[in-house]
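Quick look at final-v8.cif (mmCIF, C-alpha atoms):
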data_final
#
loop_
_atom_site.label_atom_id
_atom_site.label_comp_id
_atom_site.auth_asym_id
_atom_site.auth_seq_id
_atom_site.Cartn_x
_atom_site.Cartn_y
_atom_site.Cartn_z
CA MET A 1 26.65 3.91 -21.44
CA THR A 2 26.39 0.20 -20.64
CA LYS A 3 23.87 -0.64 -17.94
CA LYS A 4 25.50 -2.30 -14.93
CA LYS A 5 24.66 -5.98 -14.70
CA LYS A 6 22.74 -6.96 -11.58
CA ALA A 7 23.95 -9.61 -9.19
CA PRO A 8 22.10 -12.96 -9.57
CA ARG A 9 20.23 -12.47 -6.26
CA ASN A 10 19.22 -8.90 -7.06
CA LYS A 11 15.52 -9.08 -7.94
CA THR A 12 14.94 -5.33 -8.25
CA ILE A 13 12.59 -4.37 -11.10
CA ASP A 14 14.42 -1.61 -12.94
CA PHE A 15 13.93 -1.97 -16.69
CA SER A 16 13.58 0.98 -19.05
CA LEU A 17 10.36 2.00 -20.76
CA GLU A 18 11.70 0.63 -24.04
CA GLU A 19 12.57 -2.70 -22.42
CA GLY A 20 9.16 -2.86 -20.79
CA LYS A 21 7.05 -1.80 -23.76
CA VAL A 22 4.95 -4.96 -23.54
CA TYR A 23 3.94 -3.97 -19.99
CA ALA A 24 3.43 -0.29 -20.79
CA ASP A 25 1.08 -1.26 -23.62
CA ARG A 26 -1.18 -3.06 -21.14
CA CYS A 27 -1.98 0.19 -19.33
CA LEU A 28 -5.03 2.30 -20.00
CA LYS A 29 -3.68 5.57 -21.42
CA PHE A 30 -5.65 8.63 -20.37
CA GLU A 31 -5.05 11.70 -22.51
CA ASP A 32 -8.34 13.43 -23.32
CA PRO A 33 -11.16 14.20 -20.86
CA VAL A 34 -13.63 11.36 -21.32
CA THR A 35 -16.16 9.64 -19.08
CA LEU A 36 -14.81 6.28 -18.00
CA SER A 37 -17.10 3.44 -16.93
CA LEU A 38 -16.28 1.10 -14.09
CA GLN A 39 -15.99 -1.74 -16.58
CA GLN A 40 -13.25 0.17 -18.45
CA VAL A 41 -11.09 0.82 -15.40
CA LEU A 42 -11.64 -2.21 -13.17
CA ASN A 43 -8.39 -4.07 -12.52
CA ARG A 44 -6.47 -1.66 -14.72
CA THR A 45 -3.42 0.55 -14.35
CA ILE A 46 -4.43 3.98 -15.66
CA CYS A 47 -1.55 6.05 -16.97
CA GLY A 48 -2.35 9.75 -16.61
CA ASP A 49 -2.55 12.72 -14.28
CA SER A 50 -4.57 11.73 -11.22
CA PHE A 51 -6.34 15.06 -10.95
CA ASP A 52 -7.64 14.76 -14.52
CA VAL A 53 -8.42 11.05 -14.39
CA MET A 54 -10.39 11.23 -11.15
CA ASP A 55 -12.79 13.74 -12.72
CA SER A 56 -13.63 11.12 -15.37
CA LEU A 57 -14.25 8.20 -13.01
CA PRO A 58 -17.73 7.16 -11.85
CA SER A 59 -18.98 8.29 -8.45
CA ASN A 60 -19.30 6.07 -5.36
CA PHE A 61 -17.51 2.95 -6.63
CA VAL A 62 -14.59 2.65 -4.18
CA ASP A 63 -14.71 0.47 -1.05
CA LEU A 64 -11.19 1.27 0.13
CA CYS A 65 -8.87 4.08 -0.91
CA ILE A 66 -5.15 3.98 -0.13
CA VAL A 67 -3.31 7.21 -0.85
CA ASP A 68 0.46 7.72 -0.83
CA PRO A 69 0.77 11.27 -2.20
CA PRO A 70 4.09 12.99 -2.85
CA TYR A 71 5.40 14.27 0.47
CA ASN A 72 6.27 17.95 0.54
CA LEU A 73 9.89 17.32 -0.40
CA GLU A 74 12.09 17.89 -3.43
CA LYS A 75 11.95 14.51 -5.17
CA ASP A 76 12.77 13.25 -8.66
CA TYR A 77 10.50 10.37 -9.66
CA HIS A 78 12.47 9.24 -12.71
CA GLY A 79 11.97 12.45 -14.64
CA LYS A 80 8.73 13.54 -12.94
CA LYS A 81 9.87 16.08 -10.35
CA PHE A 82 7.88 17.21 -7.34
CA ALA A 83 8.96 20.61 -6.00
CA LYS A 84 8.66 21.49 -2.33
CA GLN A 85 5.81 23.93 -1.75
CA SER A 86 4.86 26.35 0.98
CA GLU A 87 2.64 24.88 3.70
CA GLU A 88 -0.31 26.87 2.32
CA ASP A 89 0.20 25.59 -1.23
CA TYR A 90 0.67 22.00 -0.08
CA ALA A 91 -2.52 22.28 1.98
CA ARG A 92 -4.41 23.47 -1.12
CA TYR A 93 -2.89 20.61 -3.14
CA THR A 94 -4.04 18.14 -0.47
CA GLU A 95 -7.54 19.60 -0.26
CA GLU A 96 -7.91 19.35 -4.04
CA TRP A 97 -7.10 15.64 -4.32
CA ILE A 98 -9.10 14.81 -1.18
CA GLN A 99 -12.26 16.35 -2.64
CA LYS A 100 -11.72 14.50 -5.92
CA VAL A 101 -11.21 11.22 -4.04
CA LYS A 102 -14.22 11.75 -1.79
CA ARG A 103 -16.63 11.79 -4.72
CA LEU A 104 -15.45 8.31 -5.73
CA LEU A 105 -15.99 6.64 -2.35
CA LYS A 106 -18.98 4.60 -1.28
CA PRO A 107 -20.87 5.87 1.81
CA ASN A 108 -19.27 3.12 3.94
CA ALA A 109 -15.78 3.40 2.41
CA SER A 110 -12.50 3.80 4.29
CA ILE A 111 -9.43 5.82 3.35
CA TYR A 112 -5.81 5.58 4.46
CA VAL A 113 -3.39 8.44 3.76
CA CYS A 114 0.39 8.10 4.08
CA CYS A 115 2.60 11.02 5.14
CA ASP A 116 5.85 11.90 6.87
CA TRP A 117 6.01 13.76 10.18
CA VAL A 118 6.12 17.20 8.53
CA THR A 119 3.22 16.73 6.09
CA SER A 120 1.29 14.87 8.79
CA MET A 121 0.69 18.21 10.53
CA ILE A 122 -0.78 19.61 7.32
CA ILE A 123 -2.72 16.57 6.12
CA GLY A 124 -4.26 15.52 9.47
CA PRO A 125 -6.59 18.52 9.95
CA ILE A 126 -7.69 18.41 6.30
CA ILE A 127 -8.63 14.73 6.55
CA SER A 128 -10.56 15.28 9.77
CA SER A 129 -12.58 18.07 8.13
CA SER A 130 -13.62 15.83 5.21
CA PHE A 131 -13.93 12.42 6.88
CA HIS A 132 -14.40 10.78 10.26
CA LEU A 133 -10.86 10.38 11.54
CA GLN A 134 -10.54 6.98 13.25
CA ASN A 135 -6.83 6.67 14.03
CA ARG A 136 -3.26 7.55 13.12
CA ILE A 137 -0.90 4.64 12.51
CA THR A 138 2.83 5.16 12.91
CA TRP A 139 5.15 2.67 11.29
CA GLN A 140 8.87 2.21 11.61
CA ARG A 141 10.33 2.78 8.17
CA GLU A 142 13.79 1.68 9.31
CA LYS A 143 15.66 3.14 6.36
CA GLY A 144 17.07 6.64 6.33
CA ARG A 145 20.33 8.44 6.74
CA GLY A 146 21.52 9.60 10.14
CA ALA A 147 21.69 13.29 10.96
CA LYS A 148 24.53 15.04 12.78
CA ARG A 149 22.33 17.61 14.52
CA ASN A 150 19.00 15.80 14.77
CA TRP A 151 17.37 12.44 15.37
CA LYS A 152 17.31 10.02 12.47
CA ASN A 153 13.93 10.15 10.73
CA SER A 154 12.66 6.56 10.57
CA MET A 155 8.92 6.91 11.21
CA GLU A 156 5.98 7.62 8.94
CA ASP A 157 2.27 8.12 9.62
CA ILE A 158 -0.85 6.68 8.01
CA TYR A 159 -4.18 8.35 8.78
CA PHE A 160 -7.20 6.04 8.93
CA ALA A 161 -10.53 7.73 8.21
CA THR A 162 -14.01 6.73 7.07
CA ASN A 163 -16.96 8.27 5.26
CA SER A 164 -19.34 7.13 7.99
CA PRO A 165 -18.69 7.42 11.74
CA SER A 166 -19.74 3.82 12.39
CA ASP A 167 -20.71 2.02 9.15
CA TYR A 168 -17.38 0.79 7.79
CA THR A 169 -15.42 -2.45 7.39
CA PHE A 170 -12.82 -3.49 9.93
CA ASN A 171 -11.79 -7.15 9.95
CA LEU A 172 -9.92 -7.48 13.23
CA ASP A 173 -9.18 -11.21 13.01
CA ALA A 174 -7.61 -10.75 9.57
CA VAL A 175 -4.83 -8.51 10.86
CA LYS A 176 -3.76 -10.08 14.12
CA ILE A 177 -0.02 -10.33 14.75
CA ARG A 178 1.71 -13.56 15.73
CA ARG A 179 4.19 -12.79 18.50
CA LYS A 180 6.65 -14.95 20.34
CA VAL A 181 5.68 -15.76 23.92
CA ILE A 182 8.65 -15.04 26.16
CA ALA A 183 7.12 -16.18 29.47
CA PRO A 184 4.44 -18.78 28.69
CA TYR A 185 1.62 -18.89 31.22
CA ARG A 186 -0.13 -22.22 31.83
CA VAL A 187 -3.34 -23.27 33.53
CA ASN A 188 -3.50 -26.90 34.64
CA GLY A 189 -0.36 -27.51 32.60
CA LYS A 190 -1.94 -26.27 29.36
CA PRO A 191 -1.09 -23.06 27.41
CA LYS A 192 -3.20 -20.05 28.38
CA ASP A 193 -3.99 -17.82 25.35
CA TRP A 194 -0.97 -19.02 23.39
CA GLU A 195 0.00 -21.87 21.09
CA GLU A 196 2.82 -24.37 21.46
CA THR A 197 4.42 -25.28 18.10
CA GLU A 198 7.56 -26.92 16.79
CA SER A 199 8.87 -23.47 15.89
CA GLY A 200 8.25 -22.01 19.35
CA ASN A 201 5.51 -20.54 21.51
CA PHE A 202 3.27 -17.92 19.88
CA ARG A 203 0.24 -15.77 20.58
CA ASN A 204 -2.00 -13.99 18.05
CA THR A 205 -2.44 -10.46 19.40
CA HIS A 206 -4.60 -7.48 18.53
CA PRO A 207 -2.76 -5.00 16.28
CA SER A 208 -1.97 -1.55 17.65
CA ASN A 209 -1.44 1.72 15.78
CA PHE A 210 2.36 1.38 16.08
CA TRP A 211 3.90 -1.01 13.57
CA ASP A 212 7.49 -2.14 14.02
CA ASP A 213 7.23 -5.39 12.03
CA ILE A 214 7.62 -3.95 8.52
CA SER A 215 10.67 -4.52 6.33
CA VAL A 216 11.16 -1.89 3.63
CA PRO A 217 11.67 -3.62 0.24
CA TYR A 218 15.31 -4.27 -0.57
CA TRP A 219 17.28 -5.66 -3.51
CA SER A 220 16.79 -9.39 -2.88
CA MET A 221 12.99 -9.17 -2.49
CA PRO A 222 10.89 -9.92 -5.61
CA GLU A 223 8.59 -6.98 -4.82
CA ASN A 224 11.44 -4.46 -4.90
CA THR A 225 11.60 -1.84 -7.64
CA ALA A 226 13.79 1.19 -8.30
CA HIS A 227 10.97 3.52 -7.22
CA PRO A 228 12.42 5.96 -4.63
CA THR A 229 9.52 5.80 -2.16
CA GLN A 230 8.02 2.33 -2.60
CA LYS A 231 5.77 1.06 0.18
CA PRO A 232 6.06 -2.59 1.36
CA GLU A 233 3.39 -5.10 0.37
CA LYS A 234 3.13 -6.21 3.99
CA LEU A 235 2.21 -2.67 5.02
CA ILE A 236 -0.50 -2.35 2.36
CA ALA A 237 -1.77 -5.88 3.07
CA LYS A 238 -2.70 -4.87 6.60
CA LEU A 239 -4.80 -1.99 5.29
CA VAL A 240 -6.44 -4.10 2.58
CA LEU A 241 -7.30 -7.02 4.87
CA ALA A 242 -8.59 -4.82 7.68
CA SER A 243 -10.73 -2.43 5.65
CA SER A 244 -12.05 -4.41 2.67
CA ASN A 245 -13.52 -7.78 1.82
CA GLU A 246 -12.83 -10.16 -1.07
CA GLY A 247 -14.29 -8.77 -4.28
CA ASP A 248 -14.24 -5.16 -3.02
CA ILE A 249 -12.62 -2.38 -5.05
CA VAL A 250 -9.37 -0.85 -3.78
CA PHE A 251 -8.37 2.48 -5.33
CA ASP A 252 -4.98 4.23 -5.35
CA PRO A 253 -4.72 7.63 -7.09
CA PHE A 254 -0.91 7.83 -6.71
CA LEU A 255 -0.04 4.25 -7.60
CA GLY A 256 3.73 4.53 -8.02
CA SER A 257 5.21 1.13 -8.86
CA GLY A 258 1.94 -0.67 -8.15
CA THR A 259 2.12 -1.95 -4.57
CA THR A 260 -1.56 -1.27 -3.80
CA SER A 261 -2.85 -2.94 -6.97
CA VAL A 262 -0.51 -5.92 -6.61
CA THR A 263 -1.41 -6.47 -2.96
CA ALA A 264 -5.13 -6.13 -3.68
CA LYS A 265 -4.83 -8.71 -6.45
CA LYS A 266 -2.94 -11.13 -4.23
CA LEU A 267 -5.64 -10.83 -1.58
CA GLY A 268 -8.60 -11.36 -3.92
CA ARG A 269 -9.74 -7.75 -4.26
CA ASN A 270 -10.41 -5.72 -7.39
CA PHE A 271 -8.29 -2.63 -7.95
CA VAL A 272 -8.01 0.64 -9.85
CA GLY A 273 -4.72 2.54 -9.86
CA ILE A 274 -3.62 5.83 -11.41
CA GLU A 275 -0.01 6.80 -12.07
CA GLN A 276 1.34 9.58 -14.29
CA ASN A 277 4.82 8.12 -14.79
CA HIS A 278 4.70 5.69 -17.74
CA LEU A 279 7.77 3.83 -16.47
CA TYR A 280 6.21 3.15 -13.08
CA CYS A 281 3.03 1.97 -14.82
CA ALA A 282 5.10 -0.59 -16.72
CA TRP A 283 6.75 -1.76 -13.49
CA ALA A 284 3.32 -2.11 -11.92
CA GLU A 285 2.11 -4.28 -14.80
CA LYS A 286 5.20 -6.46 -14.49
CA ARG A 287 4.46 -6.97 -10.80
CA LEU A 288 0.81 -7.77 -11.52
CA GLU A 289 1.98 -10.47 -13.94
CA MET A 290 4.33 -11.86 -11.28
CA ALA A 291 1.43 -12.00 -8.81
CA ASP A 292 -0.25 -14.60 -11.03
CA LEU A 293 2.63 -16.97 -10.29
CA ASP A 294 3.38 -16.02 -6.69
CA SER A 295 0.67 -14.60 -4.43
CA SER A 296 2.77 -14.68 -1.26
CA ILE A 297 3.40 -11.58 0.84
CA GLN A 298 6.55 -11.52 2.92
CA GLY A 299 5.70 -11.58 6.62
CA TYR A 300 2.12 -12.76 6.06
CA VAL A 301 1.93 -16.54 6.44
CA ASP A 302 -0.96 -18.88 7.26
CA GLY A 303 -3.40 -16.02 7.64
CA VAL A 304 -1.44 -14.05 10.24
CA PHE A 305 1.20 -11.34 10.25
CA TRP A 306 4.43 -12.51 11.81
CA GLU A 307 6.80 -10.36 13.80
CA ARG A 308 9.97 -9.46 11.99
CA ASN A 309 12.85 -11.92 12.48
CA THR A 310 10.73 -14.71 13.98
CA GLY A 311 11.79 -17.27 11.40
CA ALA A 312 8.38 -17.83 9.85
CA GLU A 313 8.27 -14.10 9.04
CA GLN A 314 10.94 -14.76 6.44
CA LYS A 315 9.18 -17.80 5.03
CA ARG A 316 7.67 -17.34 1.58
CA VAL A 317 4.84 -19.61 0.55
CA SER A 318 3.07 -19.67 -2.80
CA SER A 319 -0.47 -20.28 -1.71
CA ARG A 320 -3.39 -20.27 -4.09
CA ARG A 321 -4.55 -16.71 -4.52
CA PRO A 322 -8.21 -16.09 -3.54
CA SER A 323 -10.37 -15.81 -6.61
CA GLN A 324 -10.48 -12.25 -7.86
CA THR A 325 -14.11 -11.30 -8.18
CA SER A 326 -15.08 -9.12 -11.11
CA LEU A 327 -18.25 -7.10 -11.11
CA PHE A 328 -18.81 -7.90 -14.81
#
Please go through the file and, once you have read it, give me the structure as structure tokens.
Amino acid sequence: MTKKKKAPRNKTIDFSLEEGKVYADRCLKFEDPVTLSLQQVLNRTICGDSFDVMDSLPSNFVDLCIVDPPYNLEKDYHGKKFAKQSEEDYARYTEEWIQKVKRLLKPNASIYVCCDWVTSMIIGPIISSSFHLQNRITWQREKGRGAKRNWKNSMEDIYFATNSPSDYTFNLDAVKIRRKVIAPYRVNGKPKDWEETESGNFRNTHPSNFWDDISVPYWSMPENTAHPTQKPEKLIAKLVLASSNEGDIVFDPFLGSGTTSVTAKKLGRNFVGIEQNHLYCAWAEKRLEMADLDSSIQGYVDGVFWERNTGAEQKRVSSRRPSQTSLF
């Protein structure tokens, strides 16, 4: 069967494992239980089962952990199928990976866990029993089919928790949102808490735990892949900038097509990612290569996150990527 040719503007990464062998070969293949040093895994895509790999990683090396586990849904991840479980079984599954992750975190580390509204009710209590729960972010996913007898599901949750109740990183100024000022207020004829620019009037505001400024990756965006549940780089960038510093280590045990590693690299952090699907590992390596040439993140311009559809939010700039600090 001949593969359908993509339209010229379609940037979706969707090559086969055979076509992407050069990228697959760059991954660290994990097959036998061995002890892995930090030097071996730093800034690598590890191809293997997360539950096995995490047992072989060193303790207390992670500054920030971002987890996007399979939601409790029937889903085919290009040949790797996840079967819906009972609530009790999914809770046990969640508790198992949380305990494996916890061993890897530094005492002052933060963790973010993605979930849908159903698994949120299962995951939330488990997180709060293992960490200090700081907040629950809800973001507007936008995509999704309508339902005839229910509301369209277009929201997802991200739990924010920390190892310590008070000793953790949170860079507020790094994640402020630039919003349009509808009714500009002036004092003595000068802007009050807002900025007058050629593009309009804007104010940098404190971010809340409801995010409606995220565009889900689509076919004309360079970050887009054929992964069925890919998270946007803009979404992950907010987590990385808020809860880590340049040179820190960002860890993702369910890497998928590589969004966490790619975003960490673009923002000058080190990364470690685990993914069991060899095809997704190859896509991740392709994206990491692309990040060397273009470190821009859609919606993040000039050090601030822009509201969706504000003009500058769509602007893509290839700024010099912050130097990626290695520990070795």
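One finds atom CA of Tyr112 of chain A at 5.4 Å from atom CA of Tyr159 of chain A.
Residues matched by the PyMOL selection byres ((chain A and resi 9-26) around 7) in this file: Lys6, Ala7, Pro8, Cys27, Leu28, Trp219, Ser220, Met221, Pro222, Asn224, Thr225, Ala226, His278, Leu279, Cys281, Ala282, Trp283, Glu285 and Lys286 of chain A.
One distance worth recording is that between atom CA of Gly299 of chain A and atom CA of Ile214 of chain A, which is 8.1 Å.
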Identify all residues satisfying the PyMOL selection byres ((chain A and resi 122-133) around 10) in the given file; provide them as a PyMOL selection string.
chain A and resi 72+87-88+90-92+94-95+98-99+102+110-121+134-136+157-166
Work out how far apart atom CA of Val216 of chain A and atom CA of Thr229 of chain A are and give it in Å to one decimal.
9.8 Å
Nearby residues (all atoms listed in the file) at most 6 Å from Glu246 of chain A, same-chain spacing under 2 positions excluded, as a compact mmCIF listing (two decimals) with C-alpha atoms, in the frame of the given file:
# COMPACT_ATOMS: atom_id res chain seq x y z
CA ASP A 248 -14.24 -5.16 -3.02
CA GLY A 268 -8.60 -11.36 -3.92
CA ARG A 269 -9.74 -7.75 -4.26
Residues matched by the PyMOL selection byres ((chain A and resi 42-51) around 9) as a ChimeraX atom specification
/A:24,26-31,37-41,52-55,96-97,100,249,253-255,258,261,265,270-278,281-282,284-285,326-327
Write the residues you've just listed into a file as a PDB file, keeping the file's coordinate frame, and include C-alpha atoms for each of them.
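result.pdb, written as the output of this step:
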ATOM      1  CA  ALA A  24       3.430  -0.290 -20.790  1.00  0.00           C
ATOM      2  CA  ARG A  26      -1.180  -3.060 -21.140  1.00  0.00           C
ATOM      3  CA  CYS A  27      -1.980   0.190 -19.330  1.00  0.00           C
ATOM      4  CA  LEU A  28      -5.030   2.300 -20.000  1.00  0.00           C
ATOM      5  CA  LYS A  29      -3.680   5.570 -21.420  1.00  0.00           C
ATOM      6  CA  PHE A  30      -5.650   8.630 -20.370  1.00  0.00           C
ATOM      7  CA  GLU A  31      -5.050  11.700 -22.510  1.00  0.00           C
ATOM      8  CA  SER A  37     -17.100   3.440 -16.930  1.00  0.00           C
ATOM      9  CA  LEU A  38     -16.280   1.100 -14.090  1.00  0.00           C
ATOM     10  CA  GLN A  39     -15.990  -1.740 -16.580  1.00  0.00           C
ATOM     11  CA  GLN A  40     -13.250   0.170 -18.450  1.00  0.00           C
ATOM     12  CA  VAL A  41     -11.090   0.820 -15.400  1.00  0.00           C
ATOM     13  CA  ASP A  52      -7.640  14.760 -14.520  1.00  0.00           C
ATOM     14  CA  VAL A  53      -8.420  11.050 -14.390  1.00  0.00           C
ATOM     15  CA  MET A  54     -10.390  11.230 -11.150  1.00  0.00           C
ATOM     16  CA  ASP A  55     -12.790  13.740 -12.720  1.00  0.00           C
ATOM     17  CA  GLU A  96      -7.910  19.350  -4.040  1.00  0.00           C
ATOM     18  CA  TRP A  97      -7.100  15.640  -4.320  1.00  0.00           C
ATOM     19  CA  LYS A 100     -11.720  14.500  -5.920  1.00  0.00           C
ATOM     20  CA  ILE A 249     -12.620  -2.380  -5.050  1.00  0.00           C
ATOM     21  CA  PRO A 253      -4.720   7.630  -7.090  1.00  0.00           C
ATOM     22  CA  PHE A 254      -0.910   7.830  -6.710  1.00  0.00           C
ATOM     23  CA  LEU A 255      -0.040   4.250  -7.600  1.00  0.00           C
ATOM     24  CA  GLY A 258       1.940  -0.670  -8.150  1.00  0.00           C
ATOM     25  CA  SER A 261      -2.850  -2.940  -6.970  1.00  0.00           C
ATOM     26  CA  LYS A 265      -4.830  -8.710  -6.450  1.00  0.00           C
ATOM     27  CA  ASN A 270     -10.410  -5.720  -7.390  1.00  0.00           C
ATOM     28  CA  PHE A 271      -8.290  -2.630  -7.950  1.00  0.00           C
ATOM     29  CA  VAL A 272      -8.010   0.640  -9.850  1.00  0.00           C
ATOM     30  CA  GLY A 273      -4.720   2.540  -9.860  1.00  0.00           C
ATOM     31  CA  ILE A 274      -3.620   5.830 -11.410  1.00  0.00           C
ATOM     32  CA  GLU A 275      -0.010   6.800 -12.070  1.00  0.00           C
ATOM     33  CA  GLN A 276       1.340   9.580 -14.290  1.00  0.00           C
ATOM     34  CA  ASN A 277       4.820   8.120 -14.790  1.00  0.00           C
ATOM     35  CA  HIS A 278       4.700   5.690 -17.740  1.00  0.00           C
ATOM     36  CA  CYS A 281       3.030   1.970 -14.820  1.00  0.00           C
ATOM     37  CA  ALA A 282       5.100  -0.590 -16.720  1.00  0.00           C
ATOM     38  CA  ALA A 284       3.320  -2.110 -11.920  1.00  0.00           C
ATOM     39  CA  GLU A 285       2.110  -4.280 -14.800  1.00  0.00           C
ATOM     40  CA  SER A 326     -15.080  -9.120 -11.110  1.00  0.00           C
ATOM     41  CA  LEU A 327     -18.250  -7.100 -11.110  1.00  0.00           C
TER      42      LEU A 327
END
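Take the candidates A:Ala83, A:Ala291, A:Ile137, A:Val175 and check each one against Tyr71 of chain A using all atoms listed in the file; the shortest distance goes to A:Ala83.
Each of A:Thr138, A:Ser296, A:Ser244, A:Gln230 was compared to Pro217 of chain A using only C-alpha atoms, and A:Gln230 turns out to be the nearest.
Neighbours of Ser56 of chain A closer than or equal to 7 Å, with only C-alpha atoms counted and sequence neighbours fewer than 4 positions away skipped, come out as A:Pro33, A:Val34, A:Thr35, A:Leu36.
Using all atoms listed in the file, the smallest distance between any of A:Lys75, A:Arg145, A:Thr259, A:Ala242 and Leu172 of chain A comes from A:Ala242.
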Could you model N, CA and C atoms for segment 166-180 of chain A and present them as a compact mmCIF listing (two decimals), in the frame of the given file?
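Result file follows (out-v9.txt):
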# COMPACT_ATOMS: atom_id res chain seq x y z
N SER A 166 -19.63 5.17 11.81
CA SER A 166 -19.74 3.82 12.39
C SER A 166 -19.96 2.71 11.36
N ASP A 167 -20.44 3.04 10.16
CA ASP A 167 -20.71 2.02 9.15
C ASP A 167 -19.50 1.89 8.23
N TYR A 168 -18.57 1.03 8.62
CA TYR A 168 -17.38 0.79 7.79
C TYR A 168 -16.83 -0.60 8.12
N THR A 169 -16.00 -1.11 7.24
CA THR A 169 -15.42 -2.45 7.39
C THR A 169 -14.16 -2.41 8.24
N PHE A 170 -14.08 -3.30 9.21
CA PHE A 170 -12.82 -3.49 9.93
C PHE A 170 -12.76 -4.95 10.39
N ASN A 171 -11.92 -5.72 9.68
CA ASN A 171 -11.79 -7.15 9.95
C ASN A 171 -10.65 -7.41 10.92
N LEU A 172 -10.95 -7.36 12.20
CA LEU A 172 -9.92 -7.48 13.23
C LEU A 172 -9.15 -8.79 13.14
N ASP A 173 -9.85 -9.90 13.01
CA ASP A 173 -9.18 -11.21 13.01
C ASP A 173 -8.23 -11.38 11.83
N ALA A 174 -8.46 -10.62 10.76
CA ALA A 174 -7.61 -10.75 9.57
C ALA A 174 -6.26 -10.09 9.71
N VAL A 175 -6.09 -9.27 10.74
CA VAL A 175 -4.83 -8.51 10.86
C VAL A 175 -4.15 -8.70 12.22
N LYS A 176 -4.45 -9.81 12.86
CA LYS A 176 -3.76 -10.08 14.12
C LYS A 176 -2.29 -10.42 13.87
N ILE A 177 -1.46 -10.13 14.86
CA ILE A 177 -0.02 -10.33 14.75
C ILE A 177 0.39 -11.52 15.59
N ARG A 178 1.20 -12.40 15.00
CA ARG A 178 1.71 -13.56 15.73
C ARG A 178 3.03 -13.18 16.40
N ARG A 179 3.01 -13.18 17.73
CA ARG A 179 4.19 -12.79 18.50
C ARG A 179 4.74 -13.96 19.30
N LYS A 180 6.03 -13.94 19.49
CA LYS A 180 6.65 -14.95 20.34
C LYS A 180 6.25 -14.73 21.80
